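Listing of run_14.cif, mmCIF, C-alpha atoms
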data_run
#
loop_
_atom_site.label_atom_id
_atom_site.label_comp_id
_atom_site.auth_asym_id
_atom_site.auth_seq_id
_atom_site.Cartn_x
_atom_site.Cartn_y
_atom_site.Cartn_z
CA MET A 246 20.83 -16.97 -26.71
CA LYS A 247 22.21 -18.75 -29.76
CA ASN A 248 25.66 -19.25 -28.17
CA ASP A 249 24.09 -20.74 -25.06
CA LEU A 250 22.02 -23.40 -26.83
CA TRP A 251 23.93 -26.46 -25.63
CA SER A 252 24.81 -25.12 -22.18
CA GLY A 253 21.13 -24.24 -21.74
CA LEU A 254 19.97 -27.67 -22.81
CA ALA A 255 22.53 -29.27 -20.47
CA VAL A 256 21.19 -27.22 -17.54
CA PHE A 257 17.59 -28.16 -18.33
CA ALA A 258 18.56 -31.83 -18.61
CA LEU A 259 20.15 -31.56 -15.15
CA VAL A 260 17.04 -29.86 -13.77
CA PHE A 261 14.88 -32.58 -15.34
CA ALA A 262 17.01 -35.33 -13.74
CA LEU A 263 16.93 -33.55 -10.37
CA GLN A 264 13.18 -33.09 -10.63
CA LEU A 265 12.66 -36.79 -11.23
CA SER A 266 15.06 -37.87 -8.50
CA LEU A 267 13.62 -35.51 -5.89
CA GLN A 268 10.05 -36.35 -6.82
CA ARG A 269 8.06 -38.35 -4.31
CA ASN A 270 5.65 -40.78 -5.87
CA GLU A 271 2.68 -39.75 -3.74
CA ARG A 272 1.68 -36.97 -6.15
CA PRO A 273 1.90 -38.23 -9.72
CA ALA A 274 0.21 -35.11 -11.12
CA THR A 275 3.14 -33.00 -9.95
CA LYS A 276 5.54 -35.39 -11.61
CA TRP A 277 3.86 -34.92 -14.96
CA LEU A 278 3.40 -31.18 -14.66
CA GLY A 279 6.91 -30.58 -13.28
CA GLY A 280 8.57 -32.75 -15.91
CA GLY A 281 6.40 -31.15 -18.59
CA LEU A 282 7.37 -27.64 -17.55
CA VAL A 283 11.09 -28.48 -17.67
CA ALA A 284 10.65 -30.14 -21.07
CA LEU A 285 8.73 -27.05 -22.25
CA SER A 286 11.59 -24.86 -21.00
CA ALA A 287 14.13 -26.89 -22.99
CA ALA A 288 11.94 -26.85 -26.11
CA LEU A 289 11.36 -23.08 -25.92
CA TRP A 290 15.05 -22.48 -25.29
CA ALA A 291 16.01 -24.54 -28.34
CA PHE A 292 13.30 -22.94 -30.50
CA PHE A 293 14.17 -19.36 -29.67
CA SER A 294 17.92 -20.05 -29.85
CA VAL A 295 17.94 -21.66 -33.28
CA VAL A 296 14.80 -20.85 -35.22
CA THR A 297 14.01 -17.27 -34.33
CA PRO A 298 16.82 -15.71 -32.32
CA SER A 299 15.77 -12.17 -33.16
CA ILE A 300 12.05 -12.36 -32.39
CA ARG A 301 10.81 -9.82 -29.83
CA PRO A 302 7.38 -10.97 -28.62
CA VAL A 303 6.78 -8.20 -26.07
CA GLY A 304 8.19 -5.42 -28.23
CA THR A 305 6.05 -6.55 -31.17
CA PHE A 306 2.97 -6.76 -28.95
CA VAL A 307 3.48 -3.25 -27.52
CA THR A 308 4.00 -1.84 -31.02
CA TRP A 309 0.77 -3.53 -32.14
CA LEU A 310 -1.02 -2.26 -29.04
CA GLU A 311 0.12 1.30 -29.73
CA HIS A 312 -2.02 1.30 -32.86
CA LEU A 313 -5.09 0.37 -30.81
CA LEU A 314 -4.58 2.32 -27.60
CA PRO A 315 -3.07 5.72 -26.88
CA ILE A 316 -0.18 4.53 -24.68
CA PRO A 317 1.24 7.48 -22.75
CA MET B 270 1.47 -34.10 14.35
CA LYS B 271 0.87 -37.08 12.07
CA LYS B 272 3.69 -38.18 9.81
CA GLY B 273 3.27 -36.65 6.39
CA ALA B 274 0.76 -34.07 7.61
CA LYS B 275 1.31 -30.54 6.31
CA ARG B 276 2.42 -27.97 8.88
CA MET B 277 0.97 -24.53 8.28
CA GLU B 278 3.73 -22.00 7.67
CA ILE B 279 3.48 -19.00 9.97
CA ILE B 280 5.08 -15.62 9.39
CA SER B 281 4.95 -12.59 11.65
CA GLN B 282 3.42 -9.23 10.86
CA ARG B 283 6.84 -7.58 10.90
CA GLN B 284 8.08 -10.06 8.32
CA LEU B 285 5.06 -9.37 6.14
CA ILE B 286 5.62 -5.61 6.39
CA LEU B 287 9.21 -6.04 5.24
CA ILE B 288 8.13 -8.38 2.44
CA GLY B 289 5.79 -5.60 1.27
CA THR B 290 8.63 -3.09 1.46
CA SER B 291 10.84 -5.46 -0.52
CA PHE B 292 8.24 -5.80 -3.28
CA VAL B 293 7.71 -2.04 -3.54
CA LEU B 294 11.37 -1.10 -3.37
CA ASN B 295 13.30 -3.75 -5.27
CA ALA B 296 11.70 -3.70 -8.69
CA THR B 297 11.27 0.10 -8.60
CA LEU B 298 15.00 0.65 -8.13
CA LEU B 299 15.95 -1.10 -11.36
CA GLY B 300 12.82 -0.48 -13.39
CA PRO B 301 11.05 2.79 -13.97
CA LEU B 302 13.12 5.42 -12.12
CA VAL B 303 14.84 6.66 -15.25
CA GLN B 304 11.50 6.98 -17.08
CA VAL B 305 9.92 8.77 -14.11
CA ILE B 306 12.78 11.29 -14.14
CA GLN B 307 12.55 11.68 -17.92
CA LYS B 308 8.82 12.44 -17.72
CA GLY B 309 8.67 14.33 -14.44
CA GLY B 310 11.93 16.28 -14.80
CA THR B 311 12.76 18.36 -11.74
CA ASP B 312 9.35 17.55 -10.24
CA ALA B 313 9.75 13.76 -10.51
CA TRP B 314 9.94 13.44 -6.72
CA MET B 315 6.26 14.43 -6.51
CA SER B 316 5.34 11.35 -8.58
CA VAL B 317 6.28 8.96 -5.77
CA PRO B 318 3.56 9.78 -3.21
CA ILE B 319 0.96 10.13 -5.99
CA ALA B 320 1.88 6.64 -7.30
CA GLY B 321 1.30 5.31 -3.80
CA LEU B 322 -2.37 6.35 -3.71
CA PRO B 323 -3.73 3.61 -6.05
CA ALA B 324 -1.63 1.06 -4.15
CA LEU B 325 -3.17 2.26 -0.89
CA VAL B 326 -6.64 1.73 -2.36
CA SER B 327 -5.61 -1.78 -3.48
CA VAL B 328 -4.33 -2.61 -0.01
CA TRP B 329 -7.61 -1.42 1.51
CA MET B 330 -9.71 -3.51 -0.90
CA LEU B 331 -7.55 -6.61 -0.40
CA ALA B 332 -7.49 -6.19 3.39
CA ALA B 333 -11.30 -5.91 3.43
CA THR B 334 -11.54 -9.11 1.36
CA ALA B 335 -8.93 -11.00 3.41
CA ARG B 336 -10.71 -10.08 6.67
CA ARG B 337 -13.65 -12.27 5.59
CA PHE B 338 -11.40 -15.35 5.38
CA PRO B 339 -9.33 -15.57 8.58
CA ASP B 340 -6.22 -17.78 8.44
CA ARG B 341 -6.58 -18.36 4.71
CA ASP B 342 -4.61 -16.77 1.90
CA LEU B 343 -6.47 -15.35 -1.08
CA PHE B 344 -5.74 -18.38 -3.27
CA GLN B 345 -7.60 -20.55 -0.76
CA ALA B 346 -10.42 -18.03 -0.44
CA LEU B 347 -10.87 -17.84 -4.22
CA ALA B 348 -10.88 -21.62 -4.69
CA GLU B 349 -13.30 -22.21 -1.79
CA ARG B 350 -15.83 -19.46 -2.45
CA ARG B 351 -15.98 -19.61 -6.25
CA PRO B 352 -14.73 -22.98 -7.45
CA VAL B 353 -14.77 -22.08 -11.16
CA ALA B 354 -14.50 -18.29 -11.44
CA GLY B 355 -12.22 -18.18 -8.39
CA ARG B 356 -9.81 -20.64 -9.97
CA ILE B 357 -9.75 -18.60 -13.20
CA VAL B 358 -8.93 -15.42 -11.25
CA GLY B 359 -6.34 -17.35 -9.22
CA LEU B 360 -4.68 -18.65 -12.38
CA ALA B 361 -4.64 -15.10 -13.78
CA PHE B 362 -2.85 -13.91 -10.63
CA ILE B 363 -0.36 -16.80 -10.91
CA ALA B 364 0.39 -15.73 -14.49
CA TYR B 365 0.84 -12.12 -13.32
CA PHE B 366 3.21 -13.08 -10.51
CA PHE B 367 5.14 -15.32 -12.90
CA PHE B 368 5.46 -12.45 -15.40
CA LEU B 369 6.83 -10.21 -12.63
CA LEU B 370 9.25 -12.98 -11.66
CA CYS B 371 10.56 -13.22 -15.24
CA ARG B 372 10.95 -9.45 -15.42
CA ASP B 373 12.81 -9.28 -12.10
CA PHE B 374 15.01 -12.17 -13.17
CA ARG B 375 15.99 -10.47 -16.41
CA MET B 376 16.44 -7.11 -14.73
CA LEU B 377 18.80 -8.58 -12.13
CA VAL B 378 20.81 -10.42 -14.80
CA LEU B 379 21.07 -7.21 -16.84
CA PHE B 380 22.07 -5.16 -13.81
CA ILE B 381 24.82 -7.62 -12.88
CA ASN B 382 25.99 -7.73 -16.49
CA ILE B 383 26.11 -3.95 -16.88
CA THR B 384 27.58 -2.96 -13.54
CA LEU B 385 29.43 -5.90 -11.99
CA LEU B 386 30.30 -8.81 -14.32
CA GLU B 387 30.68 -7.37 -17.81
CA PHE B 388 32.46 -10.33 -19.37
CA THR B 389 30.63 -13.22 -17.71
CA PRO B 390 28.10 -14.85 -20.07
CA LEU B 391 24.53 -13.87 -19.24
CA PHE B 392 23.41 -17.48 -19.05
CA VAL B 393 26.01 -18.30 -16.39
CA VAL B 394 24.79 -15.38 -14.27
CA ALA B 395 21.19 -16.48 -14.83
CA VAL B 396 21.88 -20.07 -13.75
CA LEU B 397 23.73 -18.93 -10.61
CA ILE B 398 20.77 -16.73 -9.65
CA LEU B 399 18.37 -19.57 -10.47
CA VAL B 400 20.20 -21.95 -8.13
CA CYS B 401 20.06 -19.43 -5.24
CA THR B 402 16.41 -18.59 -5.88
CA VAL B 403 15.22 -22.19 -6.16
CA TYR B 404 17.19 -23.24 -3.09
CA MET B 405 15.67 -20.40 -1.06
CA ALA B 406 12.15 -20.99 -2.38
CA ARG B 407 12.29 -24.71 -1.59
CA GLY B 408 12.90 -23.72 2.03
CA GLY B 409 9.34 -22.39 2.07
CA VAL B 410 7.62 -19.16 3.06
CA GLU B 411 9.04 -19.09 6.59
CA VAL B 412 12.67 -19.35 5.51
CA THR B 413 12.27 -16.78 2.71
CA ALA B 414 10.42 -14.44 5.08
CA ARG B 415 13.30 -14.65 7.57
CA VAL B 416 15.82 -13.83 4.85
CA THR B 417 13.66 -10.90 3.75
CA GLU B 418 13.24 -9.69 7.32
CA MET B 419 16.97 -9.58 7.92
CA TRP B 420 18.20 -8.13 4.64
CA THR B 421 15.32 -5.77 3.79
CA PHE B 422 15.62 -4.17 7.20
CA LEU B 423 19.35 -3.61 6.62
CA PHE B 424 18.77 -2.32 3.10
CA ALA B 425 15.91 0.03 4.06
CA ALA B 426 17.99 1.38 6.95
CA SER B 427 20.96 1.95 4.61
CA VAL B 428 18.77 3.71 2.05
CA LEU B 429 17.24 6.03 4.66
CA PHE B 430 20.80 6.84 5.79
CA ILE B 431 22.00 7.81 2.29
CA PRO B 432 20.93 11.52 2.42
CA LEU B 433 23.22 12.00 5.41
CA LEU B 434 26.16 10.49 3.55
CA LEU B 435 25.42 12.68 0.52
CA ALA B 436 24.68 15.84 2.51
CA GLY B 437 27.66 17.69 1.04
CA ASP B 438 26.61 16.98 -2.56
CA LEU B 439 22.91 17.86 -2.34
CA ARG B 440 22.09 20.90 -4.55
CA ILE B 441 18.64 22.27 -3.79
CA HIS B 442 18.63 24.40 -6.97
CA HIS B 443 18.30 21.14 -8.99
CA LEU B 444 14.64 21.07 -7.92
CA PHE B 445 13.85 24.45 -9.47
CA PRO B 446 11.93 25.75 -11.36
CA MET B 447 9.11 23.85 -9.72
CA LEU B 448 6.05 22.85 -11.83
CA TYR B 449 7.40 24.84 -14.78
CA ASP B 450 5.43 22.64 -17.24
CA GLY B 451 2.42 22.23 -14.98
CA PHE B 452 1.29 19.11 -13.17
CA MET B 453 0.88 16.75 -16.16
CA PRO B 454 4.55 15.59 -16.28
CA VAL B 455 4.28 14.64 -12.61
CA LEU B 456 1.16 12.55 -13.31
CA HIS B 457 2.91 11.02 -16.31
CA GLY B 458 5.77 9.95 -14.03
CA SER B 459 3.28 8.50 -11.52
CA TRP B 460 1.65 6.53 -14.35
CA TYR B 461 4.97 4.72 -14.93
CA LEU B 462 5.63 4.23 -11.23
CA PHE B 463 2.28 2.99 -9.91
CA PRO B 464 2.39 -0.63 -11.23
CA PHE B 465 5.73 -1.12 -9.46
CA VAL B 466 4.55 0.34 -6.18
CA GLY B 467 1.30 -1.62 -6.56
CA GLU B 468 3.16 -4.94 -6.47
CA ILE B 469 2.26 -4.89 -2.80
CA VAL B 470 -0.93 -6.73 -3.86
CA VAL B 471 1.14 -9.88 -3.45
CA LEU B 472 0.85 -9.78 0.37
CA PRO B 473 -2.61 -11.40 0.88
CA PHE B 474 -1.51 -14.28 -1.34
CA ILE B 475 1.44 -14.93 0.99
CA ALA B 476 -0.35 -14.63 4.33
CA GLY B 477 -3.99 -14.34 5.30
CA PHE B 478 -5.81 -12.26 7.89
CA PRO B 479 -4.87 -11.32 10.67
CA THR B 480 -1.18 -11.31 9.61
CA PHE B 481 -2.15 -9.32 6.54
CA GLY B 482 -4.43 -6.39 7.26
CA PHE B 483 -4.81 -2.78 6.25
CA LYS B 484 -2.33 -1.68 8.91
CA SER B 485 0.45 -4.12 8.00
CA GLY B 486 -0.07 -3.58 4.26
CA THR B 487 0.03 0.19 4.64
CA ARG B 488 3.15 0.09 6.79
CA GLY B 489 4.98 -2.01 4.21
CA LEU B 490 3.80 0.29 1.45
CA LEU B 491 4.82 3.48 3.28
CA LEU B 492 8.28 2.17 4.15
CA GLY B 493 8.83 1.11 0.54
CA ILE B 494 7.60 4.46 -0.79
CA ALA B 495 9.81 6.33 1.68
CA CYS B 496 12.88 4.44 0.44
CA VAL B 497 12.00 5.03 -3.24
CA PHE B 498 11.36 8.72 -2.46
CA VAL B 499 14.74 9.10 -0.74
CA LEU B 500 16.63 7.51 -3.63
CA LEU B 501 14.72 9.46 -6.31
CA ALA B 502 15.08 12.75 -4.44
CA CYS B 503 18.80 12.12 -3.89
CA SER B 504 19.25 11.34 -7.61
CA LEU B 505 17.61 14.66 -8.48
CA LEU B 506 19.36 16.68 -5.80
CA VAL B 507 22.84 15.32 -6.53
CA LEU B 508 22.80 14.67 -10.29
CA GLY B 509 19.98 16.94 -11.46
CA ALA B 510 17.13 15.79 -13.72
CA ASN B 511 19.10 16.20 -16.98
CA VAL B 512 22.02 14.01 -15.94
CA ALA B 513 19.99 11.48 -13.93
CA SER B 514 17.65 10.85 -16.88
CA ARG B 515 20.61 9.63 -18.96
CA PHE B 516 21.63 6.78 -16.65
CA ASN B 517 20.16 3.28 -16.79
CA PHE B 518 20.15 3.00 -13.00
CA PRO B 519 20.18 6.54 -11.50
CA ALA B 520 19.86 5.29 -7.91
CA TYR B 521 22.96 3.14 -8.34
CA GLU B 522 24.87 6.02 -9.89
CA VAL B 523 24.06 8.34 -7.04
CA VAL B 524 25.20 5.75 -4.48
CA ARG B 525 28.47 5.41 -6.41
CA LEU B 526 29.22 9.03 -5.63
CA ILE B 527 29.39 8.37 -1.89
CA GLN B 528 32.96 8.45 -0.62
CA LEU B 529 33.16 7.94 3.11
CA THR B 530 36.89 7.87 3.63
CA ASP B 531 39.99 7.06 1.65
CA PHE B 532 39.69 3.36 2.35
CA LEU B 533 35.92 3.07 1.80
CA ASP B 534 35.41 4.85 -1.49
CA ARG B 535 33.18 2.19 -3.11
CA LEU B 536 30.23 2.06 -0.77
CA GLU B 537 27.99 0.88 -3.61
CA LEU B 538 29.50 -2.61 -3.41
CA PRO B 539 28.44 -3.33 0.20
CA LEU B 540 25.04 -1.77 -0.61
CA VAL B 541 24.61 -4.02 -3.65
CA ALA B 542 25.67 -6.95 -1.46
CA ILE B 543 22.87 -6.06 0.97
CA TRP B 544 20.35 -5.46 -1.81
CA MET B 545 21.04 -8.65 -3.76
CA PRO B 546 19.63 -11.10 -1.15
CA THR B 547 16.46 -9.00 -0.88
CA MET B 548 16.01 -9.20 -4.67
CA ILE B 549 16.66 -12.95 -4.69
CA ALA B 550 14.18 -13.39 -1.82
CA LYS B 551 11.61 -11.39 -3.81
CA MET B 552 12.08 -13.73 -6.76
CA ALA B 553 11.89 -16.73 -4.43
CA PHE B 554 8.47 -15.46 -3.32
CA GLY B 555 7.50 -15.33 -6.99
CA LEU B 556 8.40 -19.01 -7.36
CA ILE B 557 6.66 -19.93 -4.12
CA LEU B 558 3.50 -18.14 -5.24
CA ALA B 559 3.48 -19.91 -8.59
CA GLY B 560 3.78 -23.31 -6.88
CA ARG B 561 1.48 -22.46 -3.99
CA GLY B 562 -1.18 -20.94 -6.23
CA LEU B 563 -1.37 -24.06 -8.38
CA SER B 564 -1.40 -26.38 -5.36
CA ARG B 565 -4.24 -24.34 -3.81
CA MET B 566 -6.23 -24.40 -7.05
CA PHE B 567 -5.53 -28.09 -7.68
CA PRO B 568 -4.79 -29.94 -4.40
CA ALA B 569 -3.31 -32.93 -6.26
CA LEU B 570 -0.23 -30.80 -7.01
CA SER B 571 2.69 -30.32 -4.62
CA GLU B 572 3.78 -26.73 -3.96
CA ARG B 573 7.41 -27.49 -3.17
CA GLU B 574 8.07 -29.79 -6.08
CA LEU B 575 6.80 -27.32 -8.66
CA ILE B 576 9.36 -24.70 -7.68
CA MET B 577 12.28 -25.99 -9.72
CA PRO B 578 10.29 -26.47 -12.97
CA PHE B 579 8.83 -22.98 -12.61
CA GLY B 580 12.36 -21.66 -12.01
CA SER B 581 13.66 -23.17 -15.24
CA LEU B 582 10.64 -21.84 -17.13
CA ALA B 583 11.22 -18.38 -15.64
CA VAL B 584 14.79 -18.35 -16.96
CA VAL B 585 13.62 -19.15 -20.48
CA PHE B 586 10.76 -16.64 -20.45
CA SER B 587 13.02 -13.93 -18.99
CA PHE B 588 15.33 -14.26 -21.99
CA VAL B 589 12.58 -14.71 -24.57
CA LEU B 590 10.27 -11.92 -23.39
CA PHE B 591 12.95 -9.34 -22.58
CA ARG B 592 15.80 -9.40 -25.06
CA ASP B 593 17.66 -6.33 -23.74
CA LEU B 594 17.35 -3.23 -21.58
CA THR B 595 15.53 -1.31 -24.30
CA GLU B 596 12.82 -3.95 -24.32
CA MET B 597 12.52 -3.69 -20.53
CA LEU B 598 11.79 0.03 -20.93
CA VAL B 599 9.22 -0.78 -23.62
CA VAL B 600 7.54 -3.21 -21.23
CA ASN B 601 7.40 -0.49 -18.57
CA ARG B 602 5.02 1.38 -20.90
CA LEU B 603 2.72 -1.65 -20.95
CA LEU B 604 2.84 -2.40 -17.22
CA PRO B 605 0.45 0.39 -16.09
CA PHE B 606 -2.36 -1.29 -18.06
CA VAL B 607 -1.50 -4.66 -16.52
CA GLY B 608 -1.39 -2.91 -13.15
CA LEU B 609 -4.85 -1.44 -13.68
CA VAL B 610 -6.23 -4.97 -14.15
CA PHE B 611 -4.41 -6.78 -11.34
CA GLN B 612 -3.99 -4.00 -8.80
CA ILE B 613 -7.29 -2.15 -9.13
CA GLY B 614 -9.74 -4.19 -11.24
CA LEU B 615 -9.43 -7.70 -9.82
CA PRO B 616 -9.10 -6.59 -6.16
CA LEU B 617 -12.36 -4.64 -6.68
CA VAL B 618 -14.01 -7.69 -8.26
CA MET B 619 -12.83 -9.87 -5.34
CA LEU B 620 -14.10 -7.31 -2.84
CA LEU B 621 -17.54 -7.37 -4.44
CA ALA B 622 -17.76 -11.05 -5.36
CA LEU B 623 -16.22 -12.76 -2.34
CA ARG B 624 -18.92 -11.70 0.10
CA PRO B 625 -19.65 -13.69 3.23
CA GLY B 626 -22.68 -15.96 2.91
CA ARG B 627 -22.84 -15.87 -0.87
CA GLN B 628 -21.41 -19.27 -1.58
CA ALA B 629 -21.43 -20.19 -5.28
#
Can you dump the structure from the file as structure tokens?
Amino acid sequence: MKNDLWSGLAVFALVFALQLSLQRNERPATKWLGGGLVALSAALWAFFSVVTPSIRPVGTFVTWLEHLLPIP
Amino acid sequence: MKKGAKRMEIISQRQLILIGTSFVLNATLLGPLVQVIQKGGTDAWMSVPIAGLPALVSVWMLAATARRFPDRDLFQALAERRPVAGRIVGLAFIAYFFFLLCRDFRMLVLFINITLLEFTPLFVVAVLILVCTVYMARGGVEVTARVTEMWTFLFAASVLFIPLLLAGDLRIHHLFPMLYDGFMPVLHGSWYLFPFVGEIVVLPFIAGFPTFGFKSGTRGLLLGIACVFVLLACSLLVLGANVASRFNFPAYEVVRLIQLTDFLDRLELPLVAIWMPTMIAKMAFGLILAGRGLSRMFPALSERELIMPFGSLAVVFSFVLFRDLTEMLVVNRLLPFVGLVFQIGLPLVMLLALRPGRQA
């Protein structure tokens, strides 16, 4: 993920621009939610690329869960 | 029809059956087969029909619920009957479908990276798939259902034809000794398989009664199970449990062994070319459901215009949640619990709570 930081951000910027240009003004709630989701995507991509590239949320959660439940 | 009015999207029962087959078959092929073979050993083939039983119960419960709300999908039924609790359950289902979408996305990217495009950066593959998926999903349910109808039929027919092509390589002694370690390994294999087969719960959220009913749901489920059974049985009969359990994608490996003639010795490539559109259509349904679910829960939102943002979010989550193939296998251990909630628990709750005449 780290190597793809800038290419990822470029793609999300393109998606954001497309989302705004395709957006019809009759539903402003969609505009906010759609733009917010793309911005969230870019932020998460940047965060996980730079700050914590080795974090494994699901693996960590399953390991934690194994202590609570007998997972077959 | 008035300008700007929404036209209701209509899909046929045959399309819905093949959508069900696509959901059962596609994720199963890349996901848990290797773990089912590892647990079940030579008896892994018995796990497939057993894993279908909980899914059959889910289909029955969902069909009984959907019957009470003709011409409405379950998102609409939930939001209308129980404005608060129904929306919470609907949002939970949206999160579940989105999680499955991220998993499928990552699995497809990994499969392409491992078997077809080893040196292409993962992100490039992911973006190319994203473009196809978003483009298809923006076409709506009807367009995606037509794509599924065409390609899933071809793929299912090809899969059911595979035993004939492999007839010379089938070794019946690979299935023996039968039940040497008892029945528990078979049940263990079914435990891994059932959340994948149970993905058929998606059908009543795509189309309401009478398109979705017990008969159409069961047909889709049985066709999907038959295809999974054929591929799993062929993997065991050709490779044997010991060898098959060491491959990432045993079904793909067994198809690679097919050599029709001297000039068609890589039949797996045309088969992958048939399978790929069905997988992309399955992911497109995931995007459609995320957008549709939210627009049903909150009518101020537009279904079509949420597809691209959800697509970009799915790419990020697919890379964040599932770092590599090992993590995918770890997640497969968690999925049965998620399946118990969304494929057995919530359908039962909906069956009991969404009763006719008990408006909240």
For this session: Using all atoms listed in the file, determine which residues lie at most 12 Å from Ala262 in chain A, disregarding the query and same-chain residues fewer than 5 positions distant; provide the list as a list in words.
Result: Ala255, Val256, Phe257, Leu267, Gln268, Lys276, Gly279, Gly280, Val283 and Ala284 of chain A; Met577 and Pro578 of chain B
At most 8 Å is the cut-off: for each residue in chain B with any atom that close to an atom of chain A, write down the nearest atom pair and the distance in Å rounded to one decimal, counting all atoms listed in the file, chain first then increasing number, as JSON lines.
{"residue": "B:Phe392", "atom": "CA", "partner": "A:Asp249", "partner_atom": "CA", "distance": 6.9}
{"residue": "B:His457", "atom": "CA", "partner": "A:Pro317", "partner_atom": "CA", "distance": 7.5}
{"residue": "B:Ala569", "atom": "CA", "partner": "A:Ala274", "partner_atom": "CA", "distance": 6.4}
{"residue": "B:Leu570", "atom": "CA", "partner": "A:Thr275", "partner_atom": "CA", "distance": 5.0}
{"residue": "B:Ser571", "atom": "CA", "partner": "A:Thr275", "partner_atom": "CA", "distance": 6.0}
{"residue": "B:Glu574", "atom": "CA", "partner": "A:Gln268", "partner_atom": "CA", "distance": 6.9}
{"residue": "B:Leu575", "atom": "CA", "partner": "A:Gly279", "partner_atom": "CA", "distance": 5.7}
{"residue": "B:Met577", "atom": "CA", "partner": "A:Gln264", "partner_atom": "CA", "distance": 7.2}
{"residue": "B:Pro578", "atom": "CA", "partner": "A:Val283", "partner_atom": "CA", "distance": 5.2}
{"residue": "B:Phe579", "atom": "CA", "partner": "A:Leu282", "partner_atom": "CA", "distance": 6.9}
{"residue": "B:Ser581", "atom": "CA", "partner": "A:Ser286", "partner_atom": "CA", "distance": 6.3}
{"residue": "B:Leu582", "atom": "CA", "partner": "A:Ser286", "partner_atom": "CA", "distance": 5.0}
{"residue": "B:Val585", "atom": "CA", "partner": "A:Trp290", "partner_atom": "CA", "distance": 6.0}
{"residue": "B:Phe588", "atom": "CA", "partner": "A:Met246", "partner_atom": "CA", "distance": 7.7}
{"residue": "B:Val589", "atom": "CA", "partner": "A:Phe293", "partner_atom": "CA", "distance": 7.1}
{"residue": "B:Leu590", "atom": "CA", "partner": "A:Val303", "partner_atom": "CA", "distance": 5.8}
{"residue": "B:Phe591", "atom": "CA", "partner": "A:Val303", "partner_atom": "CA", "distance": 7.2}
{"residue": "B:Arg592", "atom": "CA", "partner": "A:Arg301", "partner_atom": "CA", "distance": 6.9}
{"residue": "B:Glu596", "atom": "CA", "partner": "A:Gly304", "partner_atom": "CA", "distance": 6.2}
{"residue": "B:Val599", "atom": "CA", "partner": "A:Gly304", "partner_atom": "CA", "distance": 6.6}
{"residue": "B:Val600", "atom": "CA", "partner": "A:Val303", "partner_atom": "CA", "distance": 7.0}
{"residue": "B:Arg602", "atom": "CA", "partner": "A:Ile316", "partner_atom": "CA", "distance": 7.2}
{"residue": "B:Leu603", "atom": "CA", "partner": "A:Val307", "partner_atom": "CA", "distance": 6.8}
For this session: Let me know the residues the PyMOL selection byres ((chain B and resi 445) around 10) catches in the file above, as a PyMOL selection string.
Result: chain B and resi 310-312+441-444+446-449+509
Can those selected residues be exported to a file as a tab-separated table (two decimals), keeping the file's coordinate frame so that it contains C-alpha atoms?
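part-v6.tsv, freshly written:
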chain	number	residue	atom	x	y	z
B	310	GLY	CA	11.93	16.28	-14.80
B	311	THR	CA	12.76	18.36	-11.74
B	312	ASP	CA	9.35	17.55	-10.24
B	441	ILE	CA	18.64	22.27	-3.79
B	442	HIS	CA	18.63	24.40	-6.97
B	443	HIS	CA	18.30	21.14	-8.99
B	444	LEU	CA	14.64	21.07	-7.92
B	446	PRO	CA	11.93	25.75	-11.36
B	447	MET	CA	9.11	23.85	-9.72
B	448	LEU	CA	6.05	22.85	-11.83
B	449	TYR	CA	7.40	24.84	-14.78
B	509	GLY	CA	19.98	16.94	-11.46
Using the chain letters and numbering of this document, enumerate as a CSV table (one decimal) with C-alpha atoms, in the frame of the given file the residues selected by the PyMOL selection byres ((chain B and resi 329) around 12).
chain,number,residue,atom,x,y,z
B,322,LEU,CA,-2.4,6.4,-3.7
B,323,PRO,CA,-3.7,3.6,-6.0
B,324,ALA,CA,-1.6,1.1,-4.2
B,325,LEU,CA,-3.2,2.3,-0.9
B,326,VAL,CA,-6.6,1.7,-2.4
B,327,SER,CA,-5.6,-1.8,-3.5
B,328,VAL,CA,-4.3,-2.6,0.0
B,330,MET,CA,-9.7,-3.5,-0.9
B,331,LEU,CA,-7.6,-6.6,-0.4
B,332,ALA,CA,-7.5,-6.2,3.4
B,333,ALA,CA,-11.3,-5.9,3.4
B,334,THR,CA,-11.5,-9.1,1.4
B,335,ALA,CA,-8.9,-11.0,3.4
B,336,ARG,CA,-10.7,-10.1,6.7
B,469,ILE,CA,2.3,-4.9,-2.8
B,470,VAL,CA,-0.9,-6.7,-3.9
B,472,LEU,CA,0.8,-9.8,0.4
B,473,PRO,CA,-2.6,-11.4,0.9
B,481,PHE,CA,-2.2,-9.3,6.5
B,482,GLY,CA,-4.4,-6.4,7.3
B,483,PHE,CA,-4.8,-2.8,6.2
B,484,LYS,CA,-2.3,-1.7,8.9
B,485,SER,CA,0.4,-4.1,8.0
B,486,GLY,CA,-0.1,-3.6,4.3
B,487,THR,CA,0.0,0.2,4.6
B,490,LEU,CA,3.8,0.3,1.4
B,612,GLN,CA,-4.0,-4.0,-8.8
B,613,ILE,CA,-7.3,-2.2,-9.1
B,616,PRO,CA,-9.1,-6.6,-6.2
B,617,LEU,CA,-12.4,-4.6,-6.7
B,620,LEU,CA,-14.1,-7.3,-2.8
Problem set entry | For Ile431 in chain B: contacts at 12 Å, all atoms listed in the file, fewer than 4 positions along chain excluded, given as a PyMOL selection string | chain B and resi 424-427+435-439+496-504+507+520-521+523-529+536-537+540
For this session: Let me know the residues the PyMOL selection byres ((chain B and resi 340-345) around 10) catches in the file above, as a PyMOL selection string.
Result: chain B and resi 277+279+331+334-339+346-350+355-356+358-360+362-363+471-481+558+561-566+619
For this session: For CA of Leu434 in chain B and CA of Leu298 in chain B, quote the distance in Å rounded to one decimal.
Result: 18.9 Å
